[in-house]
$ cat structure-v8.pdb   # PDB, C-alpha atoms
MODEL        1
ATOM      1  CA  MET A 167      -0.114   8.264 -10.930
ATOM      2  CA  GLY A 168       2.689   6.326  -9.311
ATOM      3  CA  LEU A 169       6.056   7.310  -7.921
ATOM      4  CA  LYS A 170       9.315   5.613  -8.774
ATOM      5  CA  THR A 171      12.395   5.452  -6.567
ATOM      6  CA  PHE A 172      16.035   5.105  -7.593
ATOM      7  CA  ARG A 173      19.052   3.110  -6.466
ATOM      8  CA  PRO A 174      21.156   5.317  -4.148
ATOM      9  CA  ILE A 175      24.305   5.118  -6.272
ATOM     10  CA  THR A 176      24.609   8.931  -6.101
ATOM     11  CA  PRO A 177      23.646  11.352  -3.297
ATOM     12  CA  SER A 178      20.902  12.903  -5.458
ATOM     13  CA  ASN A 179      19.266   9.512  -5.984
ATOM     14  CA  ARG A 180      19.164   8.536  -2.328
ATOM     15  CA  TYR A 181      15.842  10.172  -1.458
ATOM     16  CA  LYS A 182      14.600  11.016  -4.950
ATOM     17  CA  GLN A 183      10.983  10.154  -5.763
ATOM     18  CA  TRP A 184       9.782  11.051  -9.213
ATOM     19  CA  ASN A 185       6.652  10.709 -11.301
ATOM     20  CA  ASP A 186       6.542   7.505 -13.338
ATOM     21  CA  PHE A 187       4.251   9.204 -15.899
ATOM     22  CA  SER A 188       2.158   6.045 -16.159
ATOM     23  CA  GLU A 189      -0.975   8.108 -16.869
ATOM     24  CA  ILE A 190       0.603   9.972 -19.791
ATOM     25  CA  THR A 191      -0.534   8.568 -23.148
ATOM     26  CA  LYS A 192       0.530  11.383 -25.516
ATOM     27  CA  LYS A 193       4.039  12.856 -25.447
ATOM     28  CA  THR A 194       3.938  15.722 -27.965
ATOM     29  CA  PRO A 195       1.484  18.600 -27.459
ATOM     30  CA  GLU A 196      -1.112  19.762 -29.994
ATOM     31  CA  LYS A 197       0.807  22.601 -31.632
ATOM     32  CA  SER A 198      -2.309  24.605 -32.522
ATOM     33  CA  LEU A 199      -3.231  24.743 -28.814
ATOM     34  CA  THR A 200       0.114  26.118 -27.632
ATOM     35  CA  GLU A 201       1.710  29.519 -27.740
ATOM     36  CA  ALA A 202       5.118  31.003 -26.974
ATOM     37  CA  LYS A 203       5.901  31.703 -23.336
ATOM     38  CA  LYS A 204       8.164  34.677 -22.796
ATOM     39  CA  ARG A 205      10.445  34.626 -19.764
ATOM     40  CA  SER A 206      10.620  37.744 -17.602
ATOM     41  CA  GLY A 207      13.314  36.715 -15.109
ATOM     42  CA  GLY A 208      11.057  38.145 -12.408
ATOM     43  CA  ARG A 209      11.307  41.673 -13.864
ATOM     44  CA  ASN A 210       8.490  44.105 -14.612
ATOM     45  CA  ASN A 211       8.116  46.453 -17.590
ATOM     46  CA  THR A 212      10.730  48.854 -16.177
ATOM     47  CA  GLY A 213      13.347  46.138 -15.737
ATOM     48  CA  ARG A 214      13.189  46.019 -11.948
ATOM     49  CA  ILE A 215      13.072  42.646 -10.178
ATOM     50  CA  THR A 216       9.638  42.434  -8.559
ATOM     51  CA  CYS A 217       9.625  38.663  -7.980
ATOM     52  CA  ARG A 218      12.919  37.227  -6.764
ATOM     53  CA  HIS A 219      14.485  33.817  -7.381
ATOM     54  CA  ILE A 220      13.247  33.480 -10.975
ATOM     55  CA  GLY A 221      15.475  32.893 -13.996
ATOM     56  CA  GLY A 222      16.883  30.303 -16.379
ATOM     57  CA  GLY A 223      15.141  26.994 -16.843
ATOM     58  CA  ALA A 224      14.142  24.874 -19.804
ATOM     59  CA  LYS A 225      12.230  26.490 -22.630
ATOM     60  CA  GLN A 226       8.461  25.867 -22.433
ATOM     61  CA  ARG A 227       5.337  26.532 -24.452
ATOM     62  CA  TYR A 228       2.058  27.460 -22.802
ATOM     63  CA  ARG A 229      -0.899  25.087 -23.286
ATOM     64  CA  LEU A 230      -4.223  26.848 -23.917
ATOM     65  CA  VAL A 231      -6.473  25.068 -21.409
ATOM     66  CA  ASP A 232     -10.241  25.622 -21.699
ATOM     67  CA  PHE A 233     -11.430  26.634 -18.221
ATOM     68  CA  LYS A 234     -14.813  27.945 -19.417
ATOM     69  CA  ARG A 235     -16.257  24.841 -21.158
ATOM     70  CA  LYS A 236     -18.911  26.885 -22.999
ATOM     71  CA  ARG A 237     -19.715  24.332 -25.722
ATOM     72  CA  HIS A 238     -22.854  23.004 -24.061
ATOM     73  CA  GLY A 239     -24.579  19.933 -25.442
ATOM     74  CA  VAL A 240     -21.668  18.936 -27.700
ATOM     75  CA  LYS A 241     -19.954  15.665 -26.809
ATOM     76  CA  ALA A 242     -16.196  15.298 -26.995
ATOM     77  CA  LYS A 243     -13.889  12.300 -27.026
ATOM     78  CA  VAL A 244     -10.681  12.108 -24.982
ATOM     79  CA  ILE A 245      -7.741  11.628 -27.356
ATOM     80  CA  GLY A 246      -4.914  11.538 -24.832
ATOM     81  CA  ILE A 247      -3.572  12.540 -21.427
ATOM     82  CA  GLU A 248      -0.568  14.892 -21.546
ATOM     83  CA  TYR A 249       2.021  16.383 -19.213
ATOM     84  CA  ASP A 250       1.807  20.162 -18.799
ATOM     85  CA  PRO A 251       5.015  21.914 -17.654
ATOM     86  CA  ASN A 252       3.022  24.995 -16.620
ATOM     87  CA  ARG A 253       0.919  23.352 -13.887
ATOM     88  CA  SER A 254       0.995  20.496 -11.383
ATOM     89  CA  ALA A 255      -2.037  18.730 -12.898
ATOM     90  CA  ASN A 256      -2.077  16.704 -16.105
ATOM     91  CA  ILE A 257      -4.236  17.837 -19.007
ATOM     92  CA  ALA A 258      -6.475  15.911 -21.400
ATOM     93  CA  LEU A 259      -6.765  16.570 -25.119
ATOM     94  CA  ILE A 260     -10.383  16.259 -26.267
ATOM     95  CA  GLU A 261     -11.956  16.431 -29.723
ATOM     96  CA  TYR A 262     -15.565  17.540 -30.222
ATOM     97  CA  GLU A 263     -17.933  15.953 -32.714
ATOM     98  CA  ASP A 264     -17.330  18.796 -35.190
ATOM     99  CA  GLY A 265     -13.546  18.244 -35.101
ATOM    100  CA  VAL A 266     -12.595  21.117 -32.766
ATOM    101  CA  LYS A 267      -9.852  20.168 -30.298
ATOM    102  CA  SER A 268      -9.342  21.541 -26.806
ATOM    103  CA  TYR A 269      -7.402  20.992 -23.579
ATOM    104  CA  ILE A 270      -9.090  20.407 -20.208
ATOM    105  CA  LEU A 271      -7.774  19.489 -16.764
ATOM    106  CA  ALA A 272      -7.555  15.714 -16.406
ATOM    107  CA  PRO A 273      -9.548  14.482 -13.354
ATOM    108  CA  VAL A 274      -9.026  11.186 -11.571
ATOM    109  CA  GLY A 275     -10.451   8.273 -13.579
ATOM    110  CA  LEU A 276     -10.605  10.024 -16.967
ATOM    111  CA  GLU A 277      -9.212   7.696 -19.616
ATOM    112  CA  VAL A 278      -8.591   7.727 -23.343
ATOM    113  CA  ASP A 279     -11.713   7.188 -25.522
ATOM    114  CA  ALA A 280     -13.977   8.426 -22.709
ATOM    115  CA  THR A 281     -16.725  10.913 -23.588
ATOM    116  CA  VAL A 282     -17.091  14.278 -21.848
ATOM    117  CA  GLU A 283     -19.577  17.099 -22.297
ATOM    118  CA  SER A 284     -20.795  20.257 -20.608
ATOM    119  CA  GLY A 285     -24.148  21.835 -19.888
ATOM    120  CA  PRO A 286     -27.047  21.432 -17.428
ATOM    121  CA  LYS A 287     -28.198  18.185 -19.083
ATOM    122  CA  ALA A 288     -24.803  16.445 -18.920
ATOM    123  CA  PRO A 289     -24.528  13.450 -16.539
ATOM    124  CA  PRO A 290     -22.529  14.156 -13.331
ATOM    125  CA  THR A 291     -19.560  11.957 -14.234
ATOM    126  CA  PRO A 292     -15.828  12.842 -13.956
ATOM    127  CA  GLY A 293     -14.776  15.335 -16.603
ATOM    128  CA  ASN A 294     -18.268  16.716 -17.292
ATOM    129  CA  THR A 295     -19.011  20.387 -16.552
ATOM    130  CA  LEU A 296     -22.386  21.362 -15.081
ATOM    131  CA  PRO A 297     -23.899  24.310 -13.186
ATOM    132  CA  LEU A 298     -23.998  23.867  -9.412
ATOM    133  CA  SER A 299     -27.794  23.624  -9.628
ATOM    134  CA  ALA A 300     -27.492  20.332 -11.572
ATOM    135  CA  ILE A 301     -24.744  18.635  -9.525
ATOM    136  CA  PRO A 302     -25.812  16.211  -6.745
ATOM    137  CA  LEU A 303     -25.002  17.289  -3.181
ATOM    138  CA  GLY A 304     -21.836  15.789  -1.722
ATOM    139  CA  THR A 305     -20.136  15.568  -5.123
ATOM    140  CA  ALA A 306     -16.416  16.326  -5.463
ATOM    141  CA  ILE A 307     -15.870  19.138  -7.991
ATOM    142  CA  HIS A 308     -13.007  21.168  -9.405
ATOM    143  CA  ASN A 309     -12.435  24.043 -11.853
ATOM    144  CA  LEU A 310     -15.201  26.020 -10.129
ATOM    145  CA  GLU A 311     -16.196  29.514 -11.259
ATOM    146  CA  LEU A 312     -16.201  32.396  -8.773
ATOM    147  CA  GLN A 313     -18.497  34.407 -11.059
ATOM    148  CA  PRO A 314     -20.795  32.908 -13.736
ATOM    149  CA  GLY A 315     -19.135  32.967 -17.152
ATOM    150  CA  LYS A 316     -15.706  33.980 -15.874
ATOM    151  CA  GLY A 317     -14.174  30.509 -16.149
ATOM    152  CA  GLY A 318     -12.989  28.084 -13.485
ATOM    153  CA  GLN A 319     -10.625  29.539 -10.879
ATOM    154  CA  VAL A 320     -11.069  27.326  -7.796
ATOM    155  CA  ALA A 321      -9.479  23.874  -7.218
ATOM    156  CA  ARG A 322      -7.312  23.557 -10.327
ATOM    157  CA  SER A 323      -3.996  22.160  -9.014
ATOM    158  CA  ALA A 324      -3.052  18.498  -8.697
ATOM    159  CA  GLY A 325      -5.167  16.486  -6.254
ATOM    160  CA  GLN A 326      -7.456  19.408  -5.387
ATOM    161  CA  MET A 327     -11.237  19.188  -4.998
ATOM    162  CA  ALA A 328     -14.123  21.116  -3.480
ATOM    163  CA  ILE A 329     -17.315  19.585  -2.076
ATOM    164  CA  LEU A 330     -20.811  20.824  -2.939
ATOM    165  CA  SER A 331     -22.434  20.635   0.499
ATOM    166  CA  ASN A 332     -25.785  22.444   0.273
ATOM    167  CA  ARG A 333     -28.131  24.555  -1.859
ATOM    168  CA  ASP A 334     -30.539  27.289  -0.796
ATOM    169  CA  GLY A 335     -32.473  28.986  -3.567
ATOM    170  CA  GLU A 336     -30.048  30.646  -5.968
ATOM    171  CA  GLU A 337     -27.033  30.072  -3.727
ATOM    172  CA  ALA A 338     -24.929  26.986  -3.072
ATOM    173  CA  LEU A 339     -22.525  26.272  -0.221
ATOM    174  CA  VAL A 340     -19.186  24.793  -1.242
ATOM    175  CA  ARG A 341     -16.437  23.529   1.048
ATOM    176  CA  MET A 342     -13.209  24.809  -0.473
ATOM    177  CA  PRO A 343      -9.942  22.819  -0.517
ATOM    178  CA  SER A 344      -8.711  25.009   2.366
ATOM    179  CA  GLY A 345     -11.707  24.010   4.518
ATOM    180  CA  GLU A 346     -13.427  27.371   4.061
ATOM    181  CA  ILE A 347     -17.166  27.261   3.359
ATOM    182  CA  ARG A 348     -18.231  29.802   0.766
ATOM    183  CA  LYS A 349     -21.420  30.817  -1.039
ATOM    184  CA  PHE A 350     -21.586  30.571  -4.843
ATOM    185  CA  LYS A 351     -24.341  31.285  -7.318
ATOM    186  CA  THR A 352     -25.980  28.084  -8.556
ATOM    187  CA  THR A 353     -25.372  29.227 -12.151
ATOM    188  CA  CYS A 354     -21.597  28.925 -11.659
ATOM    189  CA  LEU A 355     -20.105  26.048 -13.651
ATOM    190  CA  ALA A 356     -17.943  23.345 -12.090
ATOM    191  CA  THR A 357     -16.347  20.156 -13.377
ATOM    192  CA  VAL A 358     -17.194  16.880 -11.650
ATOM    193  CA  GLY A 359     -14.375  14.881 -10.052
ATOM    194  CA  ARG A 360     -11.039  15.449  -8.371
ATOM    195  CA  VAL A 361      -8.036  16.841 -10.222
ATOM    196  CA  GLY A 362      -5.644  14.047 -11.168
ATOM    197  CA  ASN A 363      -1.922  13.567 -10.507
ATOM    198  CA  ILE A 364      -2.685  13.122  -6.790
ATOM    199  CA  SER A 365       0.858  12.095  -5.795
ATOM    200  CA  HIS A 366       2.400  15.331  -7.050
ATOM    201  CA  GLY A 367       2.959  16.563  -3.481
ATOM    202  CA  ASP A 368       5.066  13.493  -2.638
ATOM    203  CA  ILE A 369       7.668  14.187  -5.323
ATOM    204  CA  VAL A 370      11.238  14.715  -4.056
ATOM    205  CA  SER A 371      13.447  16.273  -6.721
ATOM    206  CA  GLY A 372      16.678  15.023  -5.147
ATOM    207  CA  LYS A 373      18.973  17.793  -6.325
ATOM    208  CA  ALA A 374      19.206  21.544  -6.732
ATOM    209  CA  GLY A 375      19.747  21.268 -10.467
ATOM    210  CA  ARG A 376      16.192  20.113 -11.045
ATOM    211  CA  SER A 377      14.916  23.362  -9.502
ATOM    212  CA  ARG A 378      17.135  25.273 -11.935
ATOM    213  CA  TRP A 379      15.531  23.367 -14.822
ATOM    214  CA  LEU A 380      12.171  24.662 -13.583
ATOM    215  CA  GLY A 381      13.433  28.260 -13.558
ATOM    216  CA  ILE A 382      13.793  28.485  -9.756
ATOM    217  CA  ARG A 383      16.965  30.235  -8.593
ATOM    218  CA  PRO A 384      18.567  29.778  -5.138
ATOM    219  CA  THR A 385      17.242  31.552  -2.041
ATOM    220  CA  VAL A 386      19.740  32.853   0.519
ATOM    221  CA  ARG A 387      18.448  33.042   4.112
ATOM    222  CA  GLY A 388      18.334  36.516   5.611
ATOM    223  CA  MET A 389      20.074  35.407   8.830
ATOM    224  CA  CYS A 390      23.147  34.490   6.737
ATOM    225  CA  MET A 391      23.483  38.067   5.480
ATOM    226  CA  ASN A 392      24.963  41.194   7.026
ATOM    227  CA  PRO A 393      22.722  43.735   8.795
ATOM    228  CA  VAL A 394      23.152  46.136   5.895
ATOM    229  CA  ASP A 395      21.633  43.578   3.531
ATOM    230  CA  HIS A 396      18.743  42.184   5.571
ATOM    231  CA  PRO A 397      16.902  42.937   8.849
ATOM    232  CA  ASN A 398      17.608  39.383  10.053
ATOM    233  CA  GLY A 399      21.329  39.591   9.327
ATOM    234  CA  GLY A 400      24.280  39.997  11.667
ATOM    235  CA  GLY A 401      24.978  38.643  15.142
ATOM    236  CA  GLU A 402      27.852  36.658  16.599
ATOM    237  CA  GLY A 403      27.639  33.225  15.042
ATOM    238  CA  LYS A 404      24.233  31.705  14.473
ATOM    239  CA  SER A 405      21.515  34.006  15.730
ATOM    240  CA  LYS A 406      17.904  34.710  15.095
ATOM    241  CA  SER A 407      17.547  38.150  13.519
ATOM    242  CA  GLY A 408      20.672  40.047  14.411
ATOM    243  CA  GLY A 409      21.641  38.452  17.691
ATOM    244  CA  GLY A 410      18.249  38.834  19.355
ATOM    245  CA  ARG A 411      14.806  37.274  19.106
ATOM    246  CA  GLN A 412      13.155  39.861  16.895
ATOM    247  CA  HIS A 413      10.225  39.044  14.660
ATOM    248  CA  LEU A 414      10.892  37.442  11.297
ATOM    249  CA  LYS A 415      11.044  40.182   8.683
ATOM    250  CA  SER A 416      11.161  40.521   4.932
ATOM    251  CA  PRO A 417      14.183  42.086   3.169
ATOM    252  CA  TRP A 418      12.293  45.412   3.285
ATOM    253  CA  GLY A 419      11.681  45.291   7.041
ATOM    254  CA  HIS A 420       8.017  44.226   7.049
ATOM    255  CA  VAL A 421       7.060  41.797   9.826
ATOM    256  CA  LYS A 422       5.973  38.485   8.289
ATOM    257  CA  GLY A 423       3.079  36.296   9.352
ATOM    258  CA  GLN A 424       0.484  39.040   9.714
ATOM    259  CA  LYS A 425      -2.862  38.920   7.954
ATOM    260  CA  THR A 426      -2.907  40.912   4.730
ATOM    261  CA  ARG A 427      -6.495  40.403   3.541
ATOM    262  CA  ASN A 428      -8.566  43.608   3.442
ATOM    263  CA  LYS A 429     -11.369  43.253   6.011
ATOM    264  CA  LYS A 430     -13.646  45.419   3.863
ATOM    265  CA  LYS A 431     -13.196  43.296   0.743
ATOM    266  CA  PRO A 432     -16.671  42.767  -0.845
ATOM    267  CA  SER A 433     -16.146  39.050  -1.439
ATOM    268  CA  SER A 434     -15.822  38.500   2.327
ATOM    269  CA  LYS A 435     -19.641  38.490   2.445
ATOM    270  CA  ALA A 436     -19.586  35.143   0.601
ATOM    271  CA  ILE A 437     -17.517  33.431   3.310
ATOM    272  CA  VAL A 438     -19.820  31.492   5.648
ATOM    273  CA  GLN A 439     -17.039  29.851   7.661
ATOM    274  CA  GLY A 440     -13.334  30.625   7.504
ATOM    275  CA  ARG A 441     -10.455  28.196   7.194
ATOM    276  CA  LYS A 442     -10.154  28.253  10.955
ATOM    277  CA  LYS A 443     -13.556  27.536  12.499
ATOM    278  CA  LYS A 444     -13.147  30.382  15.011
ATOM    279  CA  ASN A 445     -13.163  32.874  12.143
ATOM    280  CA  ARG A 446     -16.584  33.256  10.620
ATOM    281  CA  ARG A 447     -15.220  35.603   7.954
TER     282      ARG A 447
ENDMDL
END

$ encode --input "structure-v8.pdb" --output "structure tokens"
Amino acid sequence: MGLKTFRPITPSNRYKQWNDFSEITKKTPEKSLTEAKKRSGGRNNTGRITCRHIGGGAKQRYRLVDFKRKRHGVKAKVIGIEYDPNRSANIALIEYEDGVKSYILAPVGLEVDATVESGPKAPPTPGNTLPLSAIPLGTAIHNLELQPGKGGQVARSAGQMAILSNRDGEEALVRMPSGEIRKFKTTCLATVGRVGNISHGDIVSGKAGRSRWLGIRPTVRGMCMNPVDHPNGGGEGKSKSGGGRQHLKSPWGHVKGQKTRNKKKPSSKAIVQGRKKKNRR
């Protein structure tokens, strides 16, 4: 993927960097692999807003991406690389030998007419899905399962990858994108390669309107509000949290920045080394 810049003839174009979509080879999605996507506006089933700053945006259809890759031993041909409005990564449309079509995440280096397959006997090349027991050590992987058969949940966004670092019996050690080292069962499936669209993080939208197209509504800072509306509001002129140096709080008065993970969570036993090397769990 490359980024294109624009002549600064308007303020929004001055710093704008946008995807040039050079990797995209197919513009219209496969209709049979899409479904309607209902908009909630951030509201739950009772009509209350539970997730703020959501609303509006262009109409989208959800692409049914295959994260499980259960068709072992059946080769598939890549038909095209497509843009997916629901995720940062691009997706690849593949067609199996029996005519069944499917969407998968498009890794770096996957091109049209390439062949992909899944299963323990598949070669460890980008786009192929294998169990951790069959992947060479030091290989970059993505779409990794947390539990065998559950489908890939780890390293699925643009540019992400995990590294298979070691194996010991029925367990494998994987360095996560965050730097955490975690134990997985060797029967967990993972796809070889790094997720494509690497330059996604360098995109600069250039204007507020583009966020509205994506369904993102404006966020007002708490320190700009009155004390009745937010714990950080009030004060004479610009002030941090009501004229003093109080801790940053949420609109409901909870102090932000504290750890929220349950220390007794069962999956903590799988963490060999935390994101910060001081923390072993």

$ resolve_selection --input "structure-v8.pdb" --expression "the PyMOL selection byres ((chain A and resi 236) around 8)" --output "PyMOL selection string"
chain A and resi 234-235+237-238+284-285

$ residues_near_point --input "structure-v8.pdb" --point "(-25.5, 24.5, -2.0)" --cutoff "10 Å" --atoms "all atoms listed in the file" --output "ChimeraX atom specification"
/A:298-299,301-304,329-341,348-352

$ resolve_selection --input "structure-v8.pdb" --expression "the PyMOL selection byres ((chain A and resi 359) around 8)" --output "ChimeraX atom specification"
/A:273-274,291-293,305-308,327,357-358,360-361

$ resolve_selection --input "structure-v8.pdb" --expression "the PyMOL selection byres ((chain A and resi 178) around 9)" --output "list in words"
Pro174, Ile175, Thr176, Pro177, Asn179, Arg180, Tyr181, Lys182, Ser371, Gly372, Lys373 and Ala374 of chain A

$ closest_residue --input "structure-v8.pdb" --among "A:Tyr249, A:Ile260, A:Leu271, A:Pro417" --to "Pro393 of chain A" --atoms "only C-alpha atoms"
A:Pro417

$ residues_around --input "structure-v8.pdb" --residues "Ala242 of chain A" --least-positions-apart "6" --cutoff "7 Å" --atoms "only C-alpha atoms" --output "ChimeraX atom specification"
/A:260-263,281-283

$ residues_around --input "structure-v8.pdb" --residues "Glu277 of chain A" --least-positions-apart "5" --cutoff "9 Å" --atoms "only C-alpha atoms" --output "ChimeraX atom specification"
/A:189,244-247,258,272

$ residues_around --input "structure-v8.pdb" --residues "segment 320-324 of chain A" --least-positions-apart "2" --cutoff "9 Å" --atoms "all atoms listed in the file" --output "PyMOL selection string"
chain A and resi 253-256+271+273+307-312+318+326-328+342-343+360-367

$ write_last_selection --input "structure-v8.pdb" --atoms "C-alpha atoms" --output "compact mmCIF listing (two decimals), in the coordinates of the input"
# COMPACT_ATOMS: atom_id res chain seq x y z
CA ARG A 253 0.92 23.35 -13.89
CA SER A 254 1.00 20.50 -11.38
CA ALA A 255 -2.04 18.73 -12.90
CA ASN A 256 -2.08 16.70 -16.10
CA LEU A 271 -7.77 19.49 -16.76
CA PRO A 273 -9.55 14.48 -13.35
CA ILE A 307 -15.87 19.14 -7.99
CA HIS A 308 -13.01 21.17 -9.40
CA ASN A 309 -12.44 24.04 -11.85
CA LEU A 310 -15.20 26.02 -10.13
CA GLU A 311 -16.20 29.51 -11.26
CA LEU A 312 -16.20 32.40 -8.77
CA GLY A 318 -12.99 28.08 -13.48
CA GLN A 326 -7.46 19.41 -5.39
CA MET A 327 -11.24 19.19 -5.00
CA ALA A 328 -14.12 21.12 -3.48
CA MET A 342 -13.21 24.81 -0.47
CA PRO A 343 -9.94 22.82 -0.52
CA ARG A 360 -11.04 15.45 -8.37
CA VAL A 361 -8.04 16.84 -10.22
CA GLY A 362 -5.64 14.05 -11.17
CA ASN A 363 -1.92 13.57 -10.51
CA ILE A 364 -2.68 13.12 -6.79
CA SER A 365 0.86 12.10 -5.80
CA HIS A 366 2.40 15.33 -7.05
CA GLY A 367 2.96 16.56 -3.48

$ atom_distance --input "structure-v8.pdb" --atom1 "atom CA of Ala224 of chain A" --atom2 "atom CA of Trp379 of chain A"
5.4 Å

$ atom_distance --input "structure-v8.pdb" --atom1 "atom CA of Arg376 of chain A" --atom2 "atom CA of Gly222 of chain A"
11.5 Å

$ atom_distance --input "structure-v8.pdb" --atom1 "atom CA of Gly213 of chain A" --atom2 "atom CA of Gly381 of chain A"
18.0 Å

$ closest_residue --input "structure-v8.pdb" --among "A:Thr191, A:Lys422, A:Ala202, A:Gly239" --to "Asp279 of chain A" --atoms "all atoms listed in the file"
A:Thr191

$ decode --input "structure-v8.pdb" --residues "segment 277-350 of chain A" --atoms "C-alpha atoms" --output "compact mmCIF listing (two decimals), in the first residue's frame"
# COMPACT_ATOMS: atom_id res chain seq x y z
CA GLU A 277 -1.54 -11.45 -5.00
CA VAL A 278 -4.26 -12.34 -7.47
CA ASP A 279 -4.04 -15.89 -8.93
CA ALA A 280 -2.04 -17.08 -5.91
CA THR A 281 -3.04 -20.38 -4.29
CA VAL A 282 -3.87 -20.69 -0.59
CA GLU A 283 -4.90 -23.66 1.53
CA SER A 284 -5.28 -24.71 5.14
CA GLY A 285 -4.40 -27.77 7.19
CA PRO A 286 -1.33 -29.35 8.82
CA LYS A 287 0.11 -30.40 5.44
CA ALA A 288 -0.10 -26.94 3.84
CA PRO A 289 3.23 -25.19 3.10
CA PRO A 290 4.06 -22.28 5.48
CA THR A 291 3.61 -19.52 2.90
CA PRO A 292 1.68 -16.23 3.31
CA GLY A 293 -2.06 -16.78 3.34
CA ASN A 294 -1.93 -20.47 4.34
CA THR A 295 -3.45 -21.56 7.67
CA LEU A 296 -1.69 -24.23 9.75
CA PRO A 297 -1.68 -25.43 13.37
CA LEU A 298 1.11 -23.97 15.50
CA SER A 299 2.71 -27.43 15.62
CA ALA A 300 3.38 -27.27 11.85
CA ILE A 301 4.65 -23.67 11.58
CA PRO A 302 8.44 -23.09 11.69
CA LEU A 303 9.76 -21.19 14.72
CA GLY A 304 10.34 -17.48 14.17
CA THR A 305 7.54 -17.22 11.59
CA ALA A 306 5.29 -14.15 11.51
CA ILE A 307 1.64 -15.18 11.92
CA HIS A 308 -1.76 -13.54 12.19
CA ASN A 309 -5.42 -14.53 12.70
CA LEU A 310 -4.38 -16.74 15.63
CA GLU A 311 -6.91 -18.75 17.64
CA LEU A 312 -7.09 -18.35 21.42
CA GLN A 313 -8.90 -21.70 21.71
CA PRO A 314 -8.75 -24.51 19.11
CA GLY A 315 -11.72 -24.35 16.75
CA LYS A 316 -12.95 -20.96 17.94
CA GLY A 317 -11.58 -19.01 14.97
CA GLY A 318 -8.80 -16.44 14.74
CA GLN A 319 -9.00 -13.59 17.25
CA VAL A 320 -5.40 -12.36 17.64
CA ALA A 321 -3.51 -10.04 15.24
CA ARG A 322 -6.24 -9.22 12.73
CA SER A 323 -5.89 -5.46 12.14
CA ALA A 324 -3.76 -3.77 9.48
CA GLY A 325 -0.01 -4.34 9.81
CA GLN A 326 -0.33 -6.64 12.83
CA MET A 327 1.64 -9.85 13.36
CA ALA A 328 2.62 -12.24 16.13
CA ILE A 329 5.83 -14.28 16.26
CA LEU A 330 5.94 -18.01 17.04
CA SER A 331 8.99 -18.10 19.32
CA ASN A 332 9.10 -21.56 20.93
CA ARG A 333 7.35 -24.91 21.40
CA ASP A 334 7.33 -27.20 24.43
CA GLY A 335 5.25 -30.35 24.13
CA GLU A 336 1.62 -29.41 23.54
CA GLU A 337 2.19 -25.72 24.21
CA ALA A 338 3.69 -22.97 22.07
CA LEU A 339 5.00 -19.56 23.10
CA VAL A 340 3.87 -16.65 20.94
CA ARG A 341 5.03 -13.05 21.15
CA MET A 342 1.88 -10.97 20.75
CA PRO A 343 1.74 -7.66 18.85
CA SER A 344 1.74 -5.86 22.22
CA GLY A 345 5.02 -7.53 23.22
CA GLU A 346 3.32 -9.91 25.65
CA ILE A 347 4.49 -13.53 25.54
CA ARG A 348 1.63 -15.99 25.90
CA LYS A 349 1.14 -19.76 25.86
CA PHE A 350 -1.13 -21.33 23.22
